[in-house]
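Chemist: Below you'll find target_3.csv; it's CSV, C-alpha atoms.
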chain,number,residue,atom,x,y,z
A,1,MET,CA,-13.4,-2.3,20.7
A,2,LEU,CA,-12.5,1.4,20.0
A,3,ASN,CA,-15.0,3.9,18.7
A,4,PHE,CA,-14.9,4.3,15.0
A,5,ASP,CA,-16.6,5.8,11.9
A,6,TYR,CA,-16.4,3.7,8.8
A,7,VAL,CA,-17.4,4.9,5.3
A,8,ASN,CA,-16.2,3.5,2.0
A,9,PRO,CA,-17.9,5.0,-1.0
A,10,THR,CA,-15.7,3.3,-3.7
A,11,ARG,CA,-17.7,1.0,-6.1
A,12,ILE,CA,-15.8,-2.2,-7.0
A,13,VAL,CA,-16.4,-3.7,-10.4
A,14,PHE,CA,-14.7,-7.1,-10.3
A,15,GLY,CA,-14.0,-9.7,-12.9
A,16,GLU,CA,-12.8,-10.7,-16.3
A,17,GLY,CA,-13.9,-8.2,-19.1
A,18,SER,CA,-14.9,-5.5,-16.6
A,19,ILE,CA,-12.9,-2.8,-18.3
A,20,ALA,CA,-15.7,-2.6,-20.9
A,21,ARG,CA,-18.0,-1.2,-18.1
A,22,LEU,CA,-16.1,2.1,-18.1
A,23,ASP,CA,-18.7,3.3,-20.5
A,24,GLU,CA,-21.3,3.2,-17.8
A,25,LEU,CA,-19.0,4.3,-14.9
A,26,VAL,CA,-17.4,7.5,-16.4
A,27,PRO,CA,-19.8,10.4,-17.1
A,28,ALA,CA,-20.7,10.6,-20.8
A,29,ASP,CA,-19.6,14.2,-21.2
A,30,ALA,CA,-16.3,13.9,-19.2
A,31,ARG,CA,-13.0,15.2,-20.4
A,32,VAL,CA,-10.8,12.3,-19.2
A,33,LEU,CA,-7.1,12.2,-18.4
A,34,VAL,CA,-5.8,8.6,-18.3
A,35,LEU,CA,-2.7,8.3,-16.1
A,36,TYR,CA,-0.4,5.3,-16.2
A,37,GLY,CA,3.1,4.2,-15.4
A,38,GLY,CA,5.6,2.7,-17.9
A,39,GLY,CA,4.9,1.1,-21.2
A,40,SER,CA,3.4,-2.2,-19.9
A,41,ALA,CA,-0.2,-0.9,-20.0
A,42,GLU,CA,0.2,0.0,-23.6
A,43,ARG,CA,2.1,-3.2,-24.6
A,44,ASN,CA,-0.4,-5.6,-23.0
A,45,GLY,CA,-3.4,-3.8,-24.6
A,46,THR,CA,-4.9,-2.4,-21.4
A,47,LEU,CA,-4.8,1.2,-22.6
A,48,ALA,CA,-6.4,0.2,-25.9
A,49,GLU,CA,-9.2,-1.5,-24.0
A,50,VAL,CA,-9.7,1.6,-21.8
A,51,LYS,CA,-9.8,3.9,-24.9
A,52,ALA,CA,-12.3,1.7,-26.6
A,53,ALA,CA,-14.5,1.5,-23.5
A,54,LEU,CA,-14.5,5.3,-23.1
A,55,GLY,CA,-15.8,5.7,-26.7
A,56,ALA,CA,-16.4,9.2,-28.0
A,57,ARG,CA,-15.3,11.0,-24.8
A,58,SER,CA,-12.5,13.4,-25.0
A,59,VAL,CA,-9.5,11.3,-23.7
A,60,HIS,CA,-6.1,12.6,-22.9
A,61,ARG,CA,-3.1,10.7,-21.6
A,62,PHE,CA,-0.3,11.2,-19.1
A,63,GLY,CA,2.3,8.4,-18.7
A,64,GLY,CA,5.6,7.9,-16.8
A,65,ILE,CA,4.4,7.8,-13.2
A,66,GLU,CA,7.2,6.1,-11.3
A,67,PRO,CA,6.9,3.0,-9.1
A,68,ASN,CA,7.3,5.5,-6.2
A,69,PRO,CA,5.4,8.4,-7.7
A,70,THR,CA,7.3,11.7,-7.5
A,71,TYR,CA,6.0,15.1,-6.8
A,72,GLU,CA,8.0,16.4,-9.7
A,73,THR,CA,6.3,14.1,-12.2
A,74,LEU,CA,2.9,14.6,-10.7
A,75,MET,CA,3.1,18.4,-10.9
A,76,ASN,CA,3.5,18.0,-14.7
A,77,ALA,CA,0.2,16.1,-14.6
A,78,VAL,CA,-1.4,18.9,-12.6
A,79,ALA,CA,-0.3,21.3,-15.3
A,80,GLN,CA,-1.9,19.1,-18.0
A,81,VAL,CA,-5.2,18.9,-16.1
A,82,ARG,CA,-5.3,22.6,-15.9
A,83,ARG,CA,-4.2,23.2,-19.5
A,84,ASP,CA,-6.7,20.7,-21.1
A,85,ASN,CA,-9.6,21.5,-18.8
A,86,ILE,CA,-9.8,17.9,-17.5
A,87,ASP,CA,-12.7,17.1,-15.2
A,88,PHE,CA,-12.3,13.3,-14.6
A,89,LEU,CA,-9.1,11.3,-14.0
A,90,LEU,CA,-8.7,7.6,-14.6
A,91,ALA,CA,-5.7,5.8,-13.0
A,92,VAL,CA,-4.6,2.7,-15.0
A,93,GLY,CA,-2.0,0.7,-13.1
A,94,GLY,CA,-1.0,-0.3,-9.6
A,95,GLY,CA,-0.8,1.5,-6.3
A,96,SER,CA,1.8,4.0,-7.4
A,97,VAL,CA,-0.3,5.3,-10.3
A,98,ILE,CA,-3.4,5.4,-8.1
A,99,ASP,CA,-1.6,7.2,-5.3
A,100,GLY,CA,-0.2,9.7,-7.8
A,101,THR,CA,-3.6,10.3,-9.3
A,102,LYS,CA,-5.0,11.0,-5.8
A,103,PHE,CA,-2.4,13.6,-5.3
A,104,VAL,CA,-3.2,15.2,-8.7
A,105,VAL,CA,-6.9,15.4,-8.1
A,106,ALA,CA,-6.3,17.1,-4.7
A,107,ALA,CA,-3.5,19.4,-6.0
A,108,VAL,CA,-5.3,20.8,-9.0
A,109,GLY,CA,-7.6,23.1,-6.9
A,110,TYR,CA,-5.5,23.4,-3.8
A,111,GLU,CA,-4.9,26.9,-2.6
A,112,GLY,CA,-1.3,27.2,-1.8
A,113,GLU,CA,1.9,25.2,-2.6
A,114,PRO,CA,0.7,21.6,-3.3
A,115,TRP,CA,3.5,20.0,-1.4
A,116,GLU,CA,1.7,21.3,1.7
A,117,ILE,CA,-0.8,18.5,1.1
A,118,MET,CA,1.9,16.0,1.9
A,119,GLU,CA,3.5,18.0,4.7
A,120,THR,CA,0.1,18.4,6.5
A,121,HIS,CA,-1.0,14.8,5.6
A,122,GLY,CA,-4.0,16.1,3.7
A,123,LYS,CA,-5.4,18.1,6.6
A,124,HIS,CA,-6.4,21.1,4.4
A,125,VAL,CA,-7.6,19.4,1.3
A,126,ALA,CA,-11.1,20.9,0.8
A,127,GLY,CA,-12.0,19.1,-2.4
A,128,ALA,CA,-10.8,17.1,-5.4
A,129,LEU,CA,-11.6,16.2,-9.0
A,130,PRO,CA,-13.4,12.9,-9.4
A,131,MET,CA,-11.3,9.9,-10.3
A,132,GLY,CA,-11.7,6.2,-11.0
A,133,CYS,CA,-9.2,3.3,-11.3
A,134,VAL,CA,-8.4,0.3,-13.5
A,135,LEU,CA,-6.2,-1.8,-11.2
A,136,THR,CA,-3.5,-3.9,-12.9
A,137,LEU,CA,-1.3,-4.8,-9.9
A,138,PRO,CA,-2.7,-6.1,-6.6
A,139,ALA,CA,-0.7,-4.8,-3.7
A,140,THR,CA,-1.4,-1.5,-2.0
A,141,GLY,CA,-5.2,-1.4,-1.7
A,142,SER,CA,-5.1,2.2,-2.9
A,143,GLU,CA,-8.0,1.4,-5.3
A,144,MET,CA,-10.4,1.3,-2.3
A,145,ASN,CA,-9.1,3.8,0.2
A,146,CYS,CA,-8.3,7.5,0.6
A,147,PHE,CA,-4.6,7.2,1.2
A,148,SER,CA,-1.7,8.2,-1.0
A,149,VAL,CA,2.1,8.3,-0.7
A,150,VAL,CA,4.3,10.6,-2.7
A,151,THR,CA,8.1,11.1,-2.9
A,152,ARG,CA,9.8,14.4,-3.5
A,153,LYS,CA,13.2,13.7,-5.0
A,154,ALA,CA,14.6,17.1,-4.3
A,155,ILE,CA,14.5,16.7,-0.6
A,156,GLN,CA,14.6,12.8,-0.4
A,157,ALA,CA,11.3,12.7,1.4
A,158,LYS,CA,8.4,10.2,1.1
A,159,PHE,CA,5.2,11.3,2.8
A,160,GLY,CA,1.6,10.1,3.0
A,161,PHE,CA,-1.7,11.9,3.1
A,162,SER,CA,-5.3,11.0,3.4
A,163,SER,CA,-8.5,12.8,2.6
A,164,PRO,CA,-12.1,11.6,2.1
A,165,HIS,CA,-12.2,13.7,-1.1
A,166,VAL,CA,-9.8,11.3,-2.9
A,167,PHE,CA,-11.7,8.1,-2.6
A,168,PRO,CA,-12.0,6.6,-6.1
A,169,ARG,CA,-15.6,6.8,-7.4
A,170,PHE,CA,-15.1,3.3,-8.7
A,171,SER,CA,-12.3,0.7,-9.3
A,172,VAL,CA,-12.3,-1.9,-12.0
A,173,LEU,CA,-10.5,-5.1,-11.0
A,174,ASP,CA,-9.9,-7.6,-13.7
A,175,PRO,CA,-7.6,-10.4,-12.5
A,176,VAL,CA,-6.6,-11.3,-16.1
A,177,LYS,CA,-4.7,-8.0,-16.3
A,178,THR,CA,-2.2,-9.4,-13.8
A,179,TYR,CA,-1.2,-12.4,-15.9
A,180,THR,CA,1.7,-10.7,-17.6
A,181,LEU,CA,3.2,-9.0,-14.5
A,182,PRO,CA,6.8,-9.8,-13.7
A,183,PRO,CA,7.2,-12.2,-10.7
A,184,ARG,CA,8.9,-9.5,-8.7
A,185,GLN,CA,5.8,-7.3,-8.8
A,186,ILE,CA,3.5,-10.2,-7.8
A,187,ALA,CA,5.8,-11.1,-4.9
A,188,ASN,CA,6.1,-7.5,-3.8
A,189,GLY,CA,2.3,-7.2,-4.0
A,190,ALA,CA,1.7,-10.2,-1.7
A,191,VAL,CA,4.3,-8.9,0.8
A,192,ASP,CA,2.7,-5.4,0.7
A,193,ALA,CA,-0.8,-6.7,1.4
A,194,PHE,CA,0.5,-9.0,4.1
A,195,VAL,CA,2.2,-6.2,6.0
A,196,HIS,CA,-0.8,-3.9,5.6
A,197,VAL,CA,-2.9,-6.5,7.4
A,198,MET,CA,-0.2,-7.0,10.1
A,199,GLU,CA,0.0,-3.4,10.9
A,200,GLN,CA,-3.7,-3.3,11.7
A,201,TYR,CA,-3.7,-6.6,13.5
A,202,MET,CA,-0.4,-7.0,15.3
A,203,THR,CA,-0.9,-4.6,18.3
A,204,TYR,CA,-2.7,-5.6,21.4
A,205,PRO,CA,-6.1,-7.3,22.0
A,206,ALA,CA,-9.0,-4.9,21.7
A,207,ASN,CA,-11.9,-7.4,22.1
A,208,ALA,CA,-12.6,-7.1,18.4
A,209,PRO,CA,-13.0,-10.7,17.2
A,210,VAL,CA,-14.6,-9.7,13.9
A,211,GLN,CA,-11.6,-7.7,12.8
A,212,ASP,CA,-9.2,-10.2,14.2
A,213,ARG,CA,-10.7,-13.2,12.4
A,214,TYR,CA,-11.1,-11.2,9.2
A,215,ALA,CA,-7.4,-10.2,9.4
A,216,GLU,CA,-6.3,-13.7,10.1
A,217,GLY,CA,-8.3,-15.0,7.1
A,218,LEU,CA,-6.6,-12.5,4.9
A,219,LEU,CA,-3.2,-13.5,6.2
A,220,GLN,CA,-3.9,-17.2,5.6
A,221,THR,CA,-5.2,-16.4,2.1
A,222,LEU,CA,-2.1,-14.5,1.2
A,223,ILE,CA,0.2,-17.3,2.6
A,224,GLU,CA,-1.7,-19.7,0.4
A,225,VAL,CA,-2.1,-17.8,-2.9
A,226,GLY,CA,1.1,-15.8,-2.9
A,227,PRO,CA,3.3,-18.8,-3.9
A,228,GLN,CA,0.6,-20.1,-6.2
A,229,ALA,CA,0.4,-16.8,-8.1
A,230,LEU,CA,4.1,-17.2,-8.8
A,231,ALA,CA,3.9,-20.8,-9.8
A,232,THR,CA,0.8,-20.6,-12.0
A,233,PRO,CA,0.7,-17.0,-13.3
A,234,GLN,CA,-2.4,-17.6,-15.5
A,235,ASP,CA,-4.6,-19.3,-12.9
A,236,TYR,CA,-7.6,-17.0,-12.8
A,237,ALA,CA,-8.9,-18.2,-9.4
A,238,VAL,CA,-5.5,-17.6,-7.7
A,239,ARG,CA,-5.0,-14.2,-9.2
A,240,ALA,CA,-8.6,-13.2,-8.4
A,241,ASN,CA,-8.1,-14.2,-4.7
A,242,LEU,CA,-4.8,-12.4,-4.5
A,243,MET,CA,-6.3,-9.3,-6.0
A,244,TRP,CA,-9.3,-9.2,-3.7
A,245,ALA,CA,-7.2,-10.0,-0.6
A,246,ALA,CA,-4.9,-7.1,-1.4
A,247,THR,CA,-7.9,-4.7,-1.8
A,248,GLN,CA,-9.4,-5.9,1.5
A,249,ALA,CA,-6.1,-5.6,3.3
A,250,LEU,CA,-6.4,-1.8,3.3
A,251,ASN,CA,-9.9,-0.6,2.6
A,252,GLY,CA,-10.4,0.4,6.2
A,253,LEU,CA,-12.6,-2.5,7.4
A,254,ILE,CA,-10.1,-4.6,9.4
A,255,GLY,CA,-8.6,-1.5,10.9
A,256,ALA,CA,-12.0,-0.1,12.2
A,257,GLY,CA,-12.2,0.0,15.9
A,258,VAL,CA,-8.7,-1.5,16.6
A,259,PRO,CA,-5.3,0.0,17.4
A,260,GLN,CA,-2.8,0.2,14.6
A,261,ASP,CA,1.0,0.3,14.3
A,262,TRP,CA,2.4,1.8,11.0
A,263,ALA,CA,6.0,2.0,12.2
A,264,THR,CA,7.1,-0.6,9.6
A,265,HIS,CA,5.8,1.6,6.9
A,266,MET,CA,7.3,4.8,8.3
A,267,ILE,CA,10.8,3.3,8.7
A,268,GLY,CA,10.4,1.6,5.3
A,269,HIS,CA,9.6,4.9,3.6
A,270,GLU,CA,13.0,6.3,4.6
A,271,LEU,CA,14.7,3.3,3.1
A,272,THR,CA,13.0,3.9,-0.2
A,273,ALA,CA,13.6,7.6,-0.2
A,274,LEU,CA,17.3,7.2,0.6
A,275,HIS,CA,18.2,3.9,-1.0
A,276,GLY,CA,15.6,3.3,-3.7
A,277,LEU,CA,14.4,-0.1,-2.4
A,278,ASP,CA,11.0,-1.3,-3.6
A,279,HIS,CA,8.3,-0.5,-1.1
A,280,ALA,CA,7.6,-4.1,-0.3
A,281,GLN,CA,11.3,-4.9,0.1
A,282,THR,CA,11.6,-2.3,2.9
A,283,LEU,CA,8.6,-3.9,4.6
A,284,ALA,CA,10.1,-7.4,4.4
A,285,VAL,CA,13.3,-6.1,5.9
A,286,VAL,CA,11.7,-4.1,8.8
A,287,LEU,CA,8.7,-6.2,9.9
A,288,PRO,CA,10.5,-9.3,11.3
A,289,SER,CA,13.0,-7.2,13.3
A,290,LEU,CA,10.3,-4.9,14.5
A,291,LEU,CA,8.2,-7.9,15.8
A,292,GLN,CA,11.3,-9.2,17.6
A,293,ASP,CA,12.1,-5.9,19.2
A,294,ARG,CA,8.4,-5.2,20.2
A,295,ARG,CA,7.6,-8.7,21.3
A,296,ALA,CA,6.9,-7.6,24.9
A,297,PRO,CA,4.1,-5.1,24.2
A,298,LYS,CA,2.8,-7.3,21.3
A,299,ARG,CA,3.1,-10.6,23.2
A,300,ALA,CA,-0.6,-11.5,23.4
A,301,LYS,CA,-1.2,-10.8,19.7
A,302,LEU,CA,2.0,-12.6,18.7
A,303,LEU,CA,0.8,-15.7,20.5
A,304,GLN,CA,-2.6,-15.4,18.8
A,305,TYR,CA,-0.9,-14.9,15.5
A,306,ALA,CA,1.3,-18.0,16.0
A,307,ALA,CA,-1.7,-20.2,16.9
A,308,ARG,CA,-4.3,-18.9,14.4
A,309,VAL,CA,-2.3,-18.0,11.4
A,310,TRP,CA,0.7,-20.5,11.5
A,311,ASN,CA,-1.0,-23.3,13.6
A,312,ILE,CA,1.9,-23.2,16.1
A,313,HIS,CA,0.7,-24.7,19.4
A,314,ASP,CA,3.7,-26.6,20.9
A,315,GLY,CA,6.5,-25.3,23.0
A,316,SER,CA,6.9,-22.4,25.4
A,317,GLU,CA,5.3,-19.0,24.7
A,318,ASP,CA,8.7,-17.6,23.8
A,319,ALA,CA,9.4,-20.5,21.5
A,320,ARG,CA,6.0,-20.0,19.7
A,321,ILE,CA,6.7,-16.3,19.2
A,322,ASP,CA,10.1,-17.1,17.9
A,323,ALA,CA,8.7,-19.6,15.4
A,324,ALA,CA,5.9,-17.2,14.2
A,325,ILE,CA,8.5,-14.5,13.5
A,326,ALA,CA,10.7,-17.0,11.7
A,327,ARG,CA,7.8,-18.2,9.6
A,328,THR,CA,7.0,-14.7,8.7
A,329,ARG,CA,10.5,-14.1,7.5
A,330,ALA,CA,10.6,-17.4,5.7
A,331,PHE,CA,7.3,-16.6,3.9
A,332,PHE,CA,8.8,-13.4,2.5
A,333,GLU,CA,11.9,-15.2,1.4
A,334,SER,CA,9.9,-17.9,-0.2
A,335,LEU,CA,8.4,-15.3,-2.5
A,336,GLY,CA,11.9,-14.1,-3.4
A,337,VAL,CA,11.7,-11.0,-1.4
A,338,LYS,CA,14.9,-10.7,0.7
A,339,THR,CA,14.7,-9.6,4.4
A,340,ARG,CA,18.1,-8.2,5.3
A,341,LEU,CA,19.5,-4.8,4.6
A,342,SER,CA,22.7,-6.5,3.6
A,343,ASP,CA,20.8,-8.3,0.8
A,344,TYR,CA,20.4,-4.8,-0.8
A,345,GLY,CA,23.9,-3.6,-0.2
A,346,ILE,CA,23.0,-1.5,2.8
A,347,GLY,CA,25.4,-1.6,5.7
A,348,ALA,CA,25.6,-0.3,9.3
A,349,ASP,CA,27.1,3.0,8.1
A,350,ALA,CA,23.6,3.9,6.6
A,351,ILE,CA,21.7,3.7,9.8
A,352,ASP,CA,22.6,7.1,11.2
A,353,ARG,CA,21.2,8.9,8.2
A,354,ILE,CA,18.0,6.8,8.2
A,355,VAL,CA,17.4,7.6,11.8
A,356,ALA,CA,18.2,11.3,11.2
A,357,GLN,CA,15.6,11.3,8.4
A,358,LEU,CA,13.0,9.8,10.8
A,359,GLU,CA,13.8,12.6,13.2
A,360,ALA,CA,13.6,15.3,10.6
A,361,HIS,CA,10.2,14.0,9.5
A,362,GLY,CA,8.7,13.8,13.0
A,363,MET,CA,8.7,10.0,13.1
A,364,THR,CA,9.8,9.9,16.7
A,365,ALA,CA,6.8,8.4,18.5
A,366,LEU,CA,5.6,5.5,16.3
A,367,GLY,CA,3.6,2.4,17.1
A,368,GLU,CA,0.3,1.7,18.8
A,369,HIS,CA,1.5,3.1,22.1
A,370,GLY,CA,3.6,5.9,20.6
A,371,ASP,CA,6.7,4.4,22.2
A,372,THR,CA,8.6,3.4,19.1
A,373,ASP,CA,11.2,6.2,19.5
A,374,LEU,CA,14.3,6.9,17.6
A,375,ALA,CA,16.4,4.5,19.8
A,376,THR,CA,13.9,1.8,19.1
A,377,SER,CA,14.0,2.4,15.3
A,378,ARG,CA,17.7,2.3,15.5
A,379,ARG,CA,17.6,-1.1,17.2
A,380,ILE,CA,15.2,-2.4,14.6
A,381,LEU,CA,17.4,-1.2,11.8
A,382,GLU,CA,20.5,-2.7,13.4
A,383,ALA,CA,18.7,-6.0,13.8
A,384,SER,CA,17.8,-5.9,10.1
A,385,LEU,CA,21.4,-5.8,8.8
Can you present the structure in this file as structure tokens?
Modeler:
Amino acid sequence: MLNFDYVNPTRIVFGEGSIARLDELVPADARVLVLYGGGSAERNGTLAEVKAALGARSVHRFGGIEPNPTYETLMNAVAQVRRDNIDFLLAVGGGSVIDGTKFVVAAVGYEGEPWEIMETHGKHVAGALPMGCVLTLPATGSEMNCFSVVTRKAIQAKFGFSSPHVFPRFSVLDPVKTYTLPPRQIANGAVDAFVHVMEQYMTYPANAPVQDRYAEGLLQTLIEVGPQALATPQDYAVRANLMWAATQALNGLIGAGVPQDWATHMIGHELTALHGLDHAQTLAVVLPSLLQDRRAPKRAKLLQYAARVWNIHDGSEDARIDAAIARTRAFFESLGVKTRLSDYGIGADAIDRIVAQLEAHGMTALGEHGDTDLATSRRILEASL
């Protein structure tokens, strides 16, 4: 096992009716900015619940954060924080709203051009305003980590940053708030969480059985509850397990002390930036082809994955690996998330530009060994057509 530090200061408040506990979680004298996405949080009554729980506090609102939060929109929120002397931010939504809020709390006091936060991946973030979350969409795990991804439309770039200063102080997780989500968002969430686990697990053995077994349990849970969440949208137990699995998938625990490979995400970010695909759609496209291309360095873990996650024990080693990759693709497809670029109207003529963007953004040595170069990324994209 590799050396590691693990700290996660985010308090999780889980369960039906837990939004009411905002009164004890947010400082009584706070000037609060509630950030949210489209109109669903208002239509389903979540914003009204939040406002009621915050009581007599000074509460301001900022809506319109996109599914892939943009720098341009978030800088308007930064301006509002400064103008209204806000001292606590509350993200109400899914990973995009939470990611966007993390950028805002870091950007408000940042000395210099705030886009530098993204360009330097958070290296120079020296502090941030406090924030909390009310999670309404299980997917990214952003509610319990210090990572954020932001898109800048003007340059068609999608970058990530991390900083210990942007851990949420708390996150409220009420599974009931997921009941009215469209099937597409639930499916995307299950895929996103699944791939988060895979990118911390599917590398090479590091003699870390705790992390491996935990990751395999999460994968099996997502395989089980993902289809159930679509079939029975108001089953509290199913939605609760999906929500908690997605949070656990990227709160740092299963990635502590093990090698990681985030190439699927990096390639996927370019697909979103250039072609507007949902984040999870890009992951479903890239991961099966990446596993196939990188099957030699990942061989031991692919065989472990086949046996422990998919219960594949018969046949040659290569046949078992083939079956595990096929099962992965079939799982995504069973949720209604397509796994080919052609399914989204993207052809071979798009690959040159995607690879050029990877090069421009320094994504030339990805993977757990740093050997997923531009030629490898090109092969993966070509195999994803």
Chemist: Could you work out how far CA of Glu368 (chain A) lies from CA of Val258 (chain A), giving the answer in Å with one decimal?
Modeler: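 Computing the Euclidean distance for CA of Val258 (chain A) and CA of Glu368 (chain A) yields 9.8 Å.
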Chemist: Could you jot down the CA of Ala28 (chain A) to CA of Phe147 (chain A) separation for me, Å, one decimal place?
Modeler: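 Pair CA of Ala28 (chain A) / CA of Phe147 (chain A) returns 27.5 Å.
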Chemist: Closest to Pro209 (chain A) among A:Gly255, A:Ala326, A:Gly370, A:Ala306, using all atoms listed in the file?
Modeler: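 The answer is A:Gly255, which sits nearest to Pro209 (chain A).
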Chemist: Have a look at A:Ile223, A:Leu33, A:Ala348, A:Leu271 and name the one nearest to Arg327 (chain A); count only C-alpha atoms.
Modeler: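 Nearest candidate to Arg327 (chain A) out of A:Ile223, A:Leu33, A:Ala348, A:Leu271: A:Ile223.
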Chemist: Would you pick out the contacts of His60 (chain A) at 10 Å or less, using all atoms listed in the file, so that residues sharing its chain but fewer than 6 positions from it are not included, and give the list as a list in words?
Modeler: Arg31, Val32, Leu33, Val34, Leu35, Lys51, Gln80, Val81, Asp84, Ile86 and Leu89 of chain A
Chemist: Let me see the file: selected residues, C-alpha atoms, as a PDB file, in the frame of the given file.
Modeler:
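File result_33.pdb, as written:
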ATOM      1  CA  ARG A  31     -13.000  15.200 -20.400  1.00  0.00           C
ATOM      2  CA  VAL A  32     -10.800  12.300 -19.200  1.00  0.00           C
ATOM      3  CA  LEU A  33      -7.100  12.200 -18.400  1.00  0.00           C
ATOM      4  CA  VAL A  34      -5.800   8.600 -18.300  1.00  0.00           C
ATOM      5  CA  LEU A  35      -2.700   8.300 -16.100  1.00  0.00           C
ATOM      6  CA  LYS A  51      -9.800   3.900 -24.900  1.00  0.00           C
ATOM      7  CA  GLN A  80      -1.900  19.100 -18.000  1.00  0.00           C
ATOM      8  CA  VAL A  81      -5.200  18.900 -16.100  1.00  0.00           C
ATOM      9  CA  ASP A  84      -6.700  20.700 -21.100  1.00  0.00           C
ATOM     10  CA  ILE A  86      -9.800  17.900 -17.500  1.00  0.00           C
ATOM     11  CA  LEU A  89      -9.100  11.300 -14.000  1.00  0.00           C
TER      12      LEU A  89
END
Chemist: Give me the residues within 10 Å of region 2-14 of chain A as a ChimeraX atom specification, counting all atoms listed in the file and dropping any in the same chain fewer than 2 places off.
Modeler: /A:16-19,21-22,25,132-134,143-146,164,166-175,206-208,240,243-244,247,251-253,255-259
Chemist: Which of these residues is nearest to Tyr36 (chain A), using all atoms listed in the file: A:Leu250, A:Leu290, A:Val50, A:Leu218?
Modeler: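 Using all atoms listed in the file, Tyr36 (chain A) sits closest to A:Val50.
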